[in-house]
Structures are given as structure tokens and as C-alpha cells.
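Novice: Supplied in C-alpha cells, the structure appears directly below.
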There are 2 protein chains.
Amino acid sequence: MLKYQELDRTALLKEQEQCRNQYEKLKARGLKLDMSRGKPGKKQLDMVSDILTVLSTPEECIADGIDVRSYGTLSGLPSAKALFAEILGCRPEECMVGGNASLNLMYDTISKAYTHGLLHSEKPWARLDKVKFLCPAPGYDRHFRITESFGAELITVEMTPDGPDMDRVEELVKDPAVKGIWCVPKYSNPDGIVYSDETIRRLAGLKPAASDFVLMWDNAYCIHEFEGDFVPFPDILTLCREAGNPDMVFEYASTSKVTFPGGGISVMAASEANQKYMQKLTGVQIIGFDKVNQLRHVMYLKDKAGTLALMKRHAAFLAPKFHMVLDTLEKEIAPLGIAEWQKPKGGYFVSVNTMDGIAKRTLALCKEAGVVMTPAGATFPYGVDPRDRNIRVAPTMPPVEELEQAMAIFCVSMRLAALEKLLG
Amino acid sequence: MLKYQELDRTALLKEQEQCRNQYEKLKARGLKLDMSRGKPGKKQLDMVSDILTVLSTPEECIADGIDVRSYGTLSGLPSAKALFAEILGCRPEECMVGGNASLNLMYDTISKAYTHGLLHSEKPWARLDKVKFLCPAPGYDRHFRITESFGAELITVEMTPDGPDMDRVEELVKDPAVKGIWCVPKYSNPDGIVYSDETIRRLAGLKPAASDFVLMWDNAYCIHEFEGDFVPFPDILTLCREAGNPDMVFEYASTSKVTFPGGGISVMAASEANQKYMQKLTGVQIIGFDKVNQLRHVMYLKDKAGTLALMKRHAAFLAPKFHMVLDTLEKEIAPLGIAEWQKPKGGYFVSVNTMDGIAKRTLALCKEAGVVMTPAGATFPYGVDPRDRNIRVAPTMPPVEELEQAMAIFCVSMRLAALEKLLG
């Protein structure tokens with residue numbers, strides 16, 4: 001097969017006719033497939049459902065000397081803090097264990113920055129004329145939307161294979177209106193990129209003009225390898241402390257893709273000074289998060305080793321799905337020269353960059369044929385991809401056989417969109 | 001026994017000596033008793049611990065056509081919304097079911113009023129020069145602290161046996177800076193007062209100057225009778241709608257004192273227009289609350305009848321404790337004329353008003369003798385009781401035998417404080 005760009009008009013038209021026939025046939029099947037969100041598949045959820053009954057008696061509810069059924073213990077069950085601390089490589093005192101959504105903890109951090117200010121804020125952000133926030137893109141739409149919702153100006157920073165473009169980040173933070181940056185340091189959403197040691201070192205060592213600049217460190221996929229062994233990662237809290245920025249970072253993680261997305265637990269890790277400051281504010285909001293569920297997780301996961309062993313079992317479900325996606329792209333799209341993509345070893349996505357200007361059209365064609373994907377542009381601030389080329393493929397939810405059909409539709413849709421573009 | 005006010009100095013001194021001896025004897029026991037917070041006792045928690053295992057298989061996790069283990073369903077599991085709607089007397093579409101803390105839902109409402117504004121706000125409250133909030137007192141310290149934390153000016157409104165002083169409320173809401181009022185309409189914290197129909201009707205029919213005035217309706221004890229049968233209450237959403245104020249009220253409730261304080265579920269009920277507006281904002285914050293726990297509650301409580309039956313079983317633990325407190329006060333304190341108190345039939349507190357100026361001293365003496373109570377003043381805005389007389393007794397947590405000792409210490413402490421005061 002020749003690259004599309006090398007074909008003459010006649011060959012393109014012939015290819016278009018073939019693709020159209022293929023597309024119509026697939027469309028006629030009337031499928032309804034969802035590759036829009038990074039959700040674990042049903043078999044993964046079934047696999048971990050023993051957690052439902054791991055805590056079963058009143059006697060077991062007394063843990064760390066605390067009756068988990070009662071009020072209190074704002075920062076979380078000590079053993080749950082220890083579990084997350086071991087996984088993240090920080091100290092238990094640096095952890096506050098929350099409810100089922102780390103997103104909510106991130107939102108609360110930004111919200112409190114606006115209403116009360118962070119530890120080193122001169123005033124609450126709501127009282128500032130201008131707040132800017134750095135958004136490495138492609139990135140996670142829900143991150144961007146949090147800061148957008150509070151009225152911050154979102155500044156796109158390009159992603160490189162090593163993480164955010166650090167030359168640009170270091171330049172941008174000289175502006176005192178720049179208050180923070182969103183980061184997914186391991187298996188980034190959607191690229192699946194692992195930030196390099198050098199990038200992480202430069203992020204920890206930033207010298208921002210704003211005294212309350214915040215590294216929003218969403219370590220959502222820190223133990224989420226689907227291929228190969230667990231890849232250790234440095235503790236960002238330690239790195240920031242060593243770089244003289246002990247209070248600059250807030251790290252987040254959760255068990256959403258370890259146990260249940262709808263019923264897991266989450267953590268916010270930060271310096272003890274930050275914890276003291278934030279927990280004083282959080283204590284106005286809640287008496288304590290769901291400790292019953294925290295204890296369930298401690299009993300079920302036990303420790304880092306237990307958690308990593310479970311992640312290997314998740315990987316057994318995930319790897320065939322990612323291979324299906326990557327193999328299909330390699331076979332169907334690579335020879336045509338109309339797209340490039342990362343080949344991640346962990347995380348929940350495959351990020352595809354098509355030739356410029358066809359991502360939206362590709363997904364419109366997919367939708368018409370019954371395949372829902374994350375909307376084009378969603379991975380950029382304000383939902384606008386300036387080159388209209390990034391597509392986030394989320395292959396984890398459908399069974400492999402459905403995925404095969406969805407990928408067939410995705411590939412032929414992309415080919416059609418490319419041909420339309422090339423034929424003008 | 002004579003009233004203290006009727007005793008001459010010699011008699012008072014004699015009484016003081018007797019009390020001191022009694023106090024020292026009790027103190028010498030070195031007790032450590034906690035009557036500070038409205039927590040269910042251990043036996044209550046044990047009684048409901050079957051909820052831990054009510055949901056046990058993957059198959060059961062598919063409810064209302066939804067896999068509760070997965071992401072999504074922001075407004076809550078339909079059957080959980082139906083359960084709360086039946087209890088509150090509103091419609092399921094008017095409910096958003098949250099995590100384990102209704103306090104967090106209240107905080108989020110106020111927080112969003114500040115950062116984004118409510119449905120009928122001209123601008124976010126953070127951009128206003130002045131926000132005032134009405135605080136019927138004695139009231140719930142955590143309510144007051146939420147609005148205080150955002151910088152609102154707290155205005156004390158006196159509680160009457162029928163609820164907040166409505167003449168004053170109607171006068172105060174003419175000020176456009178007055179943005180809302182905190183209410184606990186049934187078995188108010190701490191007085192245990194049930195707002196009269198007339199008070200509720202007047203609250204629902206308020207004509208505030210502020211277009212975004214909010215009735216913060218914390219129905220925390222709506223099914224929490226410990227004596228007698230369930231007392232029906234009117235649906236505040238309906239009353240507000242009928243009075244032409246459909247979007248003025250946000251109602252809150254939870255299962256914190258039905259199942260587990262540390263692992264229950266909560267609800268925010270409001271007009272559909274409010275739900276639409278607030279859920280759009282909440283969707284930025286969280287993908288969905290813990291639906292696994294919502295399903296557990298639906299399976300365990302079933303419906304209103306099932307829930308009320310359970311509350312009867314709670315009452316069997318609570319009634320003896322309240323009787324102990326009320327009987328002891330009646331016997332030890334009533335004849336002395338140094339305090340008055342409500343005689344609630346539900347809720348979690350007994351609110352005692354001592355003679356002016358001795359509440360703090362009474363609790364200091366209690367503490368010295370090993371009994372911790374809610375700090376004096378806590379039931380008033382800014383923690384300052386202008387008459388230093390209100391004491392919130394929380395008798396639910398300790399077993400009856402401990403409670404008996406704690407009440408002995410409480411009564412003698414109050415007598416000593418009164419005698420000190422009278423002797424000058």
C-alpha cells in the first residue's frame with residue numbers, strides 16, 4: 001500500500017470508493033460501541049468484586065483503634081494513609097485519604113485557592129484580576145475544565161515525548177499571573193507518556209514568580225502498567241522539597257482503576273505544612289470521608305505488593321485490548337501515512353494524531369457508524385485542538401470482539417476523512 | 001430544696017461546701033467521658049452492621065440498569081433518589097444523592113454561590129462587598145462555620161419554641177445583602193424544636209430582597225424520633241413552589257444516624273431548575289458519587305417504611321439515654337431554679353440554658369472532672385453566646401451507665417458554677 005500523499009487523484013478516487021463501500025457495510029451492522037471514556041471493563045470489575053464482602057463484621061470495623069463506622073478522622077484511616085504513602089513513596093503524614101473521586105480532591109484544592117487562597121497565597125485567587133493556568137496538551141479534559149470553570153485563562157503547553165515542553169514552562173512561570181500547571185506524570189492522559197527524570201526534575205525545581213504556584217500532580221496511572229513490570233517513579237514531594245519548593249506540589253491518586261471507579265478511595269498528598277493548612281479548611285467542609293470504604297480497601301489491597309499483584313491481573317485483561325488497537329493501527333493506518341500515535345505500556349488510552357484537519361470529521365463518521373469516541377478537541381484547553389488532529393482512543397471498556405469491530409470502523413472513518421481532505 | 005436565688009449567704013456557703021465535697025469525690029474517680037458530639041452509640045452501629053454484606057455479588061451490582069461499580073450517574077442511583085424522595089416527600093428528579101456527608105453538600109452549595117453564583121444570582125457572592133447570613137441560635141456550629149469561613153457576616157436570630165423568630169427574619173431579609181438562613185426544621189440542633197407549621201409557611205413564603213436568597217434546610221433529624229411515632233413533616237420544596245419561591249430552598253438529609261455516620265449516603269433536594277444548574281457545576285467536580293454504597297443503602301433500607309422501622313430500633317437505644325438526662329435534670333437541677341431546658345422527642349441533643357454567665361464555668365468544671373461536652377458558645381455564631389448560658393448535651397454516644405456518671409458530674413458542676421456566681 002502506498003502513502004495517501006503519494007497517490008494521484010485517480011488512485012485517491014478509487015481508494016475512496018473502496019473505503020466508502022467498506023464503511024457502508026460496517027455501518028449497516030447498526031453497531032453501538034463506546035470507546036469514549038477510560039473505564040475498566042466488566043470482567044475487571046467482576047475480578048475485584050470480592051472487595052464487597054472483605055469487611056463483614058462489627059468487630060472488624062475497629063481498625064487502628066478507630067471505629068470506622070463513626071464520625072471523624074478527617075485525614076483518613078491511618079492504615080489507608082500508610083497504603084497510599086507506600087505506593088506513592090511519600091510519608092503517611094503527607095496523605096489525606098478522601099472519598100471515591102480524586103477529581104473532587106483536585107477540584108477542592110483549586111476551589112479553595114479561589115475562595116481562601118493556598119498556603120503561600122497573598123490573597124484568594126477570586127480577588128485577582130487574572131489567573132492563568134498551564135495545560136500541557138493533549139491532556140485530560142476534566143483537568144482543564146476545572147480551572148476553566150473558575151475563570152482561569154488556560155495556556156496550552158505542547159507535550160513532547162518527555163512530558164511538557166519545559167523550556168516553555170520555565171518561561172511562562174515568570175508571569176506572576178501563572179498560578180499552576182496540570183500534570184499526569186506517568187502514562188499521561190491521553191498520550192501514555194512517562195515524564196522523563198529530567199522533566200520531573202525541572203518541574204520540581206521551577207522558580208515561579210507566583211509564591212502560590214501549584215504543581216497539580218495527578219498520578220492517576222502510577223501503578224497502571226498493562227505491559228511489562230511495574231516501573232518505579234520518583235516521589236515528587238521529596239523532589240520538590242529537595243529543590244526548595246516543599247509546598248509547591250499537590251499529588252493525587254485513586255483506586256478508581258484498581259478496584260471500582262464508582263466506589264474507590266482517593267488520596268491527596270502534600271507537604272505537612274500544606275496538609276495542616278488544607279485540612280483546617282477541609283474540616284469546615286466535612287467531618288471525615290468514608291472510612292468504612294477506606295478500611296475495605298486496606299483489607300483487600302493490603303499493601304503495595306498486594307496492589308501491584310492485582311494490577312498484573314488487570315493487565316491481563318487490558319493488554320489484549322491495547323494490542324488489538326495498536327496492531328490494527330499498525331496494519332491499517334501506518335502504511336497510509338495519515339496518522340501517528342504513541343505506543344504506551346500503561347495507562348488507559350492510545351493517543352492518535354491524524355494528518356491536520358481531519359480529527360473531527362473522522363469522529364463524525366465513526367459516530368454515524370455507531371462508534372462513540374471522546375469528542376475531537378476534548379484533549380485541548382477549551383475543547384479546541386488548533387490542528388484538529390488529536391483523537392483519544394479508549395479501548396478498555398468494550399470486550400475484544402467489540403473492539404475489533406469498533407477499530408475497523410475507526411480506521412475506515414479516518415481513511416475516508418483523509419481522502420475527503422486530500423481530494424479537496 | 002429551695003431555689004438558689006432564695007437562699008441567704010450562709011445557706012449558699014453551706015450548699016457550696018456540700019457541692020464541693022461531692023464534686024471532688026466524683027473527680028477523684030478519674031473518669032473520661034464524652035458528651036460532646038451527636039454520635040450514635042456502638043450498639044446502634046452494631047445493630048446496622050448487616051449493611052456491610054447486603055451487597056455481595058457482581059450480579060447484584062447491576063441496579064436500575066446501571067453497573068454501580070463503574071463511573072457516572074452524577075445525580076445518583078435512581079433507586080436511591082426514589083428512597084430519599086419518599087422519605088422527604090419530594091420527587092426523585094428533585095434529588096441528587098451524594099457521598100457520606102450532607103455537610104459536604106451544604107458546603108458545596110455555599111462554595112459555588114461564592115465562586116459561580118446560584119441560579120438567580122446576579123454575580124458570584126465573592127464579587128459582592130458584603131454577604132450576610134441568618135443564623136437561628138442556638139444552632140449547629142458547623143453550619144455557622146461554613147458561612148463564616150467564606151467571610152459572610154453572621155446575624156443571630158433568636159430561636160423560639162416554634163422555630164426562628166419570624167418577625168425578625170422577615171425584617172432582616174429586606175436587606176439585599178442577606179443571602180440566606182440556616183434551618184434545622186425538625187428536632188433542631190441543639191434545642192430539639194420542631195418548627196411550627198406557621199413558621200415553616202412563613203419561611204417558604206419569604207419575600208427576600210436578594211433574588212438568590214437561599215433557605216439552607218438541613219433536615220438532619222427528619223425521621224429521628226426517639227419517643228413516640230414518626231411525626232410527618234411537610235415537603236418544603238412543595239411549600240416554596242406554592243409560595244412562588246420554587247428555587248429558594250436547598251434541602252439536605254443523610255443516613256449518618258440511620259446507618260453509619262462514617263459511611264452513609266446523603267441527599268441534596270431542590271427544584272429541578274436548581275438541580276439542572278447545580279449539577280452542571282457539580283459535573284466539573286466529580287463524575288459520580290459512590291453508587292456502590294448508594295445501592296447498599298437501597299438494599300438495606302428498602303423504602304420509607306423499612307427506614308422508619310429501623311429508626312424505631314434506634315429509638316430503643318436512644319430513649320433510655322435521653323430519659324436519664326432529662327430525669328436527672330428534673331431531679332437535680334429543676335428545684336434549684338438555675339437552668340431550663342427543652343424536652344425533645346427526637347434528634348440527638350438536650351439543650352440546657354443555665355442562669356446567665358455560668359455556661360463556660362460549668363463546662364470547665366466538667367472538663368476538670370473528666371467530662372467533655374460541646375464547648376460553651378459553640379451553638380452561637382462566632383462561638384460566642386452573648387448570655388453565656390447555652391449548653392448542648394449530647395447523650396447518645398456513652399452507654400447509660402457512663403451517662404449516669406457524666407450527668408452527676410454535669411449537675412454538680414452547674415451547681416458549683418451557679419453558687420460561685422451568686423456568692424460573687
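Every chain in the C-alpha cells has a letter given in the order shown (A, B, ...), and although residue numbers restart at 1 in each chain, ligands are simply numbered from 1 in the order shown.
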Define the interface residues of chain B facing chain A as those within 6 Å, counting only C-alpha atoms, and report them as a list in words.

Specialist: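 The selection requested is Asp46, Leu52, Thr53, Ser56, Pro58, Arg69, Ser70, Tyr71, Leu103, Asn104, Tyr107, Ile146, Phe260, Pro261, Gly262, Gly263, Val284, Gln285, Ile286, Asp290, Lys291 and Val292 of chain B.
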
Novice: Based on the backbone DSSP call, show me all residues of segment 68-224 of chain A assigned alpha helix (DSSP H), as JSON, numbers by chain.

Specialist: {"A": [78, 79, 80, 81, 82, 83, 84, 85, 86, 87, 88, 102, 103, 104, 105, 106, 107, 108, 109, 110, 111, 112, 113, 114, 115, 141, 142, 143, 144, 145, 146, 147, 148, 149, 166, 167, 168, 169, 170, 171, 172, 197, 198, 199, 200, 201, 202, 203, 204]}

Novice: Would you mind writing down, as a ChimeraX atom specification, each residue of segment 383-412 of chain A that DSSP on the backbone assigns to strand (DSSP E or B)?

Specialist: /A:390-393

Novice: So that I have them on file, write out the residues from the current selection with N, CA and C atoms, as a short mmCIF file (atom, residue, chain, number, x, y, z; two decimals), in the first residue's frame.

Specialist:
```
data_model
loop_
_atom_site.label_atom_id
_atom_site.label_comp_id
_atom_site.auth_asym_id
_atom_site.auth_seq_id
_atom_site.Cartn_x
_atom_site.Cartn_y
_atom_site.Cartn_z
N ASN A 390 -5.90 15.49 17.07
CA ASN A 390 -5.73 14.52 18.16
C ASN A 390 -7.01 13.76 18.46
N ILE A 391 -6.89 12.45 18.52
CA ILE A 391 -8.03 11.59 18.87
C ILE A 391 -7.61 10.67 20.00
N ARG A 392 -8.43 10.66 21.06
CA ARG A 392 -8.14 9.79 22.19
C ARG A 392 -8.93 8.50 22.06
N VAL A 393 -8.23 7.40 21.89
CA VAL A 393 -8.89 6.09 21.80
C VAL A 393 -8.88 5.45 23.18
#
```

Novice: Show me, as an mmCIF file with N, CA, C and O atoms, in the first residue's frame, the residues that have an atom within 12 Å of Pro246 of chain B when counting only C-alpha atoms, minus same-chain residues fewer than 2 positions from it.

Specialist:
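What ended up in part.cif:
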```cif
data_model
loop_
_atom_site.group_PDB
_atom_site.id
_atom_site.type_symbol
_atom_site.label_atom_id
_atom_site.label_comp_id
_atom_site.auth_asym_id
_atom_site.auth_seq_id
_atom_site.Cartn_x
_atom_site.Cartn_y
_atom_site.Cartn_z
ATOM 1 N N GLU B 94 -35.986 15.721 41.942
ATOM 2 C CA GLU B 94 -35.549 16.852 42.767
ATOM 3 C C GLU B 94 -34.389 16.468 43.697
ATOM 4 O O GLU B 94 -33.971 17.272 44.529
ATOM 5 N N LEU B 119 -28.479 29.911 40.989
ATOM 6 C CA LEU B 119 -29.292 30.050 39.769
ATOM 7 C C LEU B 119 -29.754 31.486 39.518
ATOM 8 O O LEU B 119 -29.729 31.966 38.392
ATOM 9 N N HIS B 120 -30.191 32.178 40.580
ATOM 10 C CA HIS B 120 -30.730 33.527 40.390
ATOM 11 C C HIS B 120 -29.777 34.634 40.864
ATOM 12 O O HIS B 120 -30.204 35.757 41.132
ATOM 13 N N ALA B 204 -41.238 29.585 53.910
ATOM 14 C CA ALA B 204 -41.423 29.265 52.486
ATOM 15 C C ALA B 204 -41.939 30.470 51.713
ATOM 16 O O ALA B 204 -41.680 30.610 50.519
ATOM 17 N N GLY B 205 -42.653 31.346 52.420
ATOM 18 C CA GLY B 205 -43.263 32.486 51.750
ATOM 19 C C GLY B 205 -42.471 33.781 51.876
ATOM 20 O O GLY B 205 -42.981 34.857 51.546
ATOM 21 N N LEU B 206 -41.241 33.686 52.346
ATOM 22 C CA LEU B 206 -40.407 34.890 52.489
ATOM 23 C C LEU B 206 -40.309 35.646 51.163
ATOM 24 O O LEU B 206 -40.318 35.041 50.094
ATOM 25 N N SER B 211 -32.380 38.234 45.187
ATOM 26 C CA SER B 211 -33.028 37.283 44.267
ATOM 27 C C SER B 211 -32.483 35.877 44.458
ATOM 28 O O SER B 211 -33.115 34.904 44.072
ATOM 29 N N ASP B 212 -31.296 35.783 45.051
ATOM 30 C CA ASP B 212 -30.666 34.468 45.231
ATOM 31 C C ASP B 212 -30.587 34.077 46.709
ATOM 32 O O ASP B 212 -29.712 33.307 47.108
ATOM 33 N N PHE B 213 -31.538 34.597 47.494
ATOM 34 C CA PHE B 213 -31.635 34.197 48.908
ATOM 35 C C PHE B 213 -31.867 32.686 48.979
ATOM 36 O O PHE B 213 -32.633 32.128 48.206
ATOM 37 N N VAL B 214 -31.197 32.036 49.930
ATOM 38 C CA VAL B 214 -31.295 30.575 49.988
ATOM 39 C C VAL B 214 -31.672 30.090 51.392
ATOM 40 O O VAL B 214 -31.084 30.472 52.398
ATOM 41 N N LEU B 215 -32.699 29.253 51.396
ATOM 42 C CA LEU B 215 -33.139 28.579 52.614
ATOM 43 C C LEU B 215 -32.304 27.303 52.722
ATOM 44 O O LEU B 215 -32.512 26.353 51.964
ATOM 45 N N ILE B 236 -40.898 20.852 52.095
ATOM 46 C CA ILE B 236 -40.550 22.268 51.963
ATOM 47 C C ILE B 236 -40.447 22.697 50.495
ATOM 48 O O ILE B 236 -40.720 23.860 50.160
ATOM 49 N N LEU B 237 -40.086 21.768 49.608
ATOM 50 C CA LEU B 237 -39.974 22.114 48.182
ATOM 51 C C LEU B 237 -41.350 22.491 47.631
ATOM 52 O O LEU B 237 -41.497 23.474 46.894
ATOM 53 N N THR B 238 -42.349 21.693 48.008
ATOM 54 C CA THR B 238 -43.721 21.985 47.580
ATOM 55 C C THR B 238 -44.180 23.329 48.141
ATOM 56 O O THR B 238 -44.739 24.162 47.422
ATOM 57 N N LEU B 239 -43.937 23.541 49.439
ATOM 58 C CA LEU B 239 -44.387 24.791 50.068
ATOM 59 C C LEU B 239 -43.743 26.002 49.402
ATOM 60 O O LEU B 239 -44.402 27.013 49.162
ATOM 61 N N CYS B 240 -42.465 25.913 49.118
ATOM 62 C CA CYS B 240 -41.782 27.041 48.456
ATOM 63 C C CYS B 240 -42.343 27.255 47.045
ATOM 64 O O CYS B 240 -42.548 28.398 46.621
ATOM 65 N N ARG B 241 -42.579 26.153 46.349
ATOM 66 C CA ARG B 241 -43.133 26.265 44.985
ATOM 67 C C ARG B 241 -44.495 26.942 45.034
ATOM 68 O O ARG B 241 -44.780 27.871 44.270
ATOM 69 N N GLU B 242 -45.327 26.488 45.967
ATOM 70 C CA GLU B 242 -46.676 27.050 46.077
ATOM 71 C C GLU B 242 -46.654 28.524 46.484
ATOM 72 O O GLU B 242 -47.544 29.282 46.143
ATOM 73 N N ALA B 243 -45.595 28.900 47.210
ATOM 74 C CA ALA B 243 -45.493 30.297 47.659
ATOM 75 C C ALA B 243 -44.808 31.177 46.608
ATOM 76 O O ALA B 243 -44.539 32.347 46.862
ATOM 77 N N GLY B 244 -44.515 30.589 45.446
ATOM 78 C CA GLY B 244 -43.874 31.379 44.387
ATOM 79 C C GLY B 244 -42.365 31.486 44.532
ATOM 80 O O GLY B 244 -41.722 32.314 43.889
ATOM 81 N N MET B 248 -35.906 28.723 45.910
ATOM 82 C CA MET B 248 -35.300 29.366 47.086
ATOM 83 C C MET B 248 -34.689 28.372 48.068
ATOM 84 O O MET B 248 -33.840 28.734 48.876
ATOM 85 N N VAL B 249 -35.117 27.104 47.999
ATOM 86 C CA VAL B 249 -34.720 26.179 49.064
ATOM 87 C C VAL B 249 -33.795 25.067 48.566
ATOM 88 O O VAL B 249 -33.949 24.542 47.465
ATOM 89 N N PHE B 250 -32.802 24.753 49.395
ATOM 90 C CA PHE B 250 -31.979 23.554 49.238
ATOM 91 C C PHE B 250 -32.155 22.737 50.512
ATOM 92 O O PHE B 250 -31.869 23.229 51.604
ATOM 93 N N ALA B 269 -31.832 18.035 48.017
ATOM 94 C CA ALA B 269 -33.090 18.124 47.278
ATOM 95 C C ALA B 269 -33.355 19.583 46.945
ATOM 96 O O ALA B 269 -33.167 20.467 47.778
ATOM 97 N N ALA B 270 -33.757 19.827 45.715
ATOM 98 C CA ALA B 270 -34.015 21.196 45.261
ATOM 99 C C ALA B 270 -34.865 21.118 43.994
ATOM 100 O O ALA B 270 -35.008 20.046 43.406
ATOM 101 N N SER B 271 -35.385 22.258 43.584
ATOM 102 C CA SER B 271 -36.212 22.293 42.375
ATOM 103 C C SER B 271 -35.429 21.733 41.194
ATOM 104 O O SER B 271 -34.202 21.735 41.179
ATOM 105 N N GLU B 272 -36.157 21.277 40.182
ATOM 106 C CA GLU B 272 -35.468 20.730 39.010
ATOM 107 C C GLU B 272 -34.599 21.782 38.334
ATOM 108 O O GLU B 272 -33.530 21.470 37.802
ATOM 109 N N ALA B 273 -35.041 23.031 38.368
ATOM 110 C CA ALA B 273 -34.226 24.103 37.785
ATOM 111 C C ALA B 273 -32.912 24.247 38.556
ATOM 112 O O ALA B 273 -31.835 24.391 37.962
ATOM 113 N N ASN B 274 -32.994 24.175 39.890
ATOM 114 C CA ASN B 274 -31.773 24.217 40.699
ATOM 115 C C ASN B 274 -30.877 23.008 40.444
ATOM 116 O O ASN B 274 -29.662 23.123 40.376
ATOM 117 N N GLN B 275 -31.507 21.834 40.338
ATOM 118 C CA GLN B 275 -30.725 20.622 40.089
ATOM 119 C C GLN B 275 -29.972 20.737 38.778
ATOM 120 O O GLN B 275 -28.796 20.385 38.684
#
```

Novice: Near segment 2-16 of chain A, within 7 Å and counting only C-alpha atoms, which residues show up once chain neighbours fewer than 4 positions away are dropped, as an NGL selection string?

Specialist: :A and (20 or 335-337 or 416 or 419)

Novice: Would you mind exporting the chosen residues as a short mmCIF file (atom, residue, chain, number, x, y, z; two decimals), in the first residue's frame, restricted to N, CA and C atoms?

Specialist:
```
data_model
loop_
_atom_site.label_atom_id
_atom_site.label_comp_id
_atom_site.auth_asym_id
_atom_site.auth_seq_id
_atom_site.Cartn_x
_atom_site.Cartn_y
_atom_site.Cartn_z
N ARG A 20 -15.56 3.74 0.96
CA ARG A 20 -16.98 4.00 1.14
C ARG A 20 -17.79 2.71 1.21
N PRO A 335 0.75 2.23 6.98
CA PRO A 335 1.24 2.29 5.60
C PRO A 335 0.72 3.51 4.83
N LEU A 336 -0.38 4.09 5.28
CA LEU A 336 -1.02 5.18 4.53
C LEU A 336 -0.44 6.55 4.87
N GLY A 337 0.33 6.62 5.97
CA GLY A 337 0.95 7.89 6.33
C GLY A 337 -0.03 8.97 6.71
N LEU A 416 -11.45 7.61 5.15
CA LEU A 416 -12.41 8.42 4.39
C LEU A 416 -12.18 9.92 4.63
N LEU A 419 -9.12 11.04 2.82
CA LEU A 419 -9.34 11.10 1.36
C LEU A 419 -10.17 12.34 0.99
#
```

Novice: At what distance in Å, to one decimal, does atom CA of Lys179 of chain B lie from atom CA of Thr374 of chain B?

Specialist: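 Separating atom CA of Thr374 of chain B from atom CA of Lys179 of chain B is a distance of 28.2 Å.
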
Novice: So what do you get for atom CA of Met414 of chain A versus atom CA of Asn21 of chain A, distance-wise?

Specialist: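 Calculated distance between atom CA of Met414 of chain A and atom CA of Asn21 of chain A is 14.2 Å.
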
Novice: If you count only C-alpha atoms, which residues fall within 7 Å of segment 187-193 of chain B, apart from same-chain ones fewer than 4 positions away, as a ChimeraX atom specification?

Specialist: /B:138-140,161-163,221,342,344,346-347,349-351,392

Novice: In terms of the shortest atom-to-atom distance over only C-alpha atoms, which of B:Ser79, B:Gln18, B:Thr307, B:Thr109 is closest to His224 of chain B?

Specialist: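 Among the listed residues, B:Thr307 lies closest to His224 of chain B.
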
Novice: Between B:Ala309, B:Val352, B:Phe380, B:Gly65, which one has atoms that come closest to Ile155 of chain B, using only C-alpha atoms?

Specialist: B:Phe380

Novice: In Å, rounded to a single decimal, give me how far atom CA of Cys183 of chain B is from atom CA of Leu310 of chain B.

Specialist: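 Those two atoms sit 25.4 Å apart.
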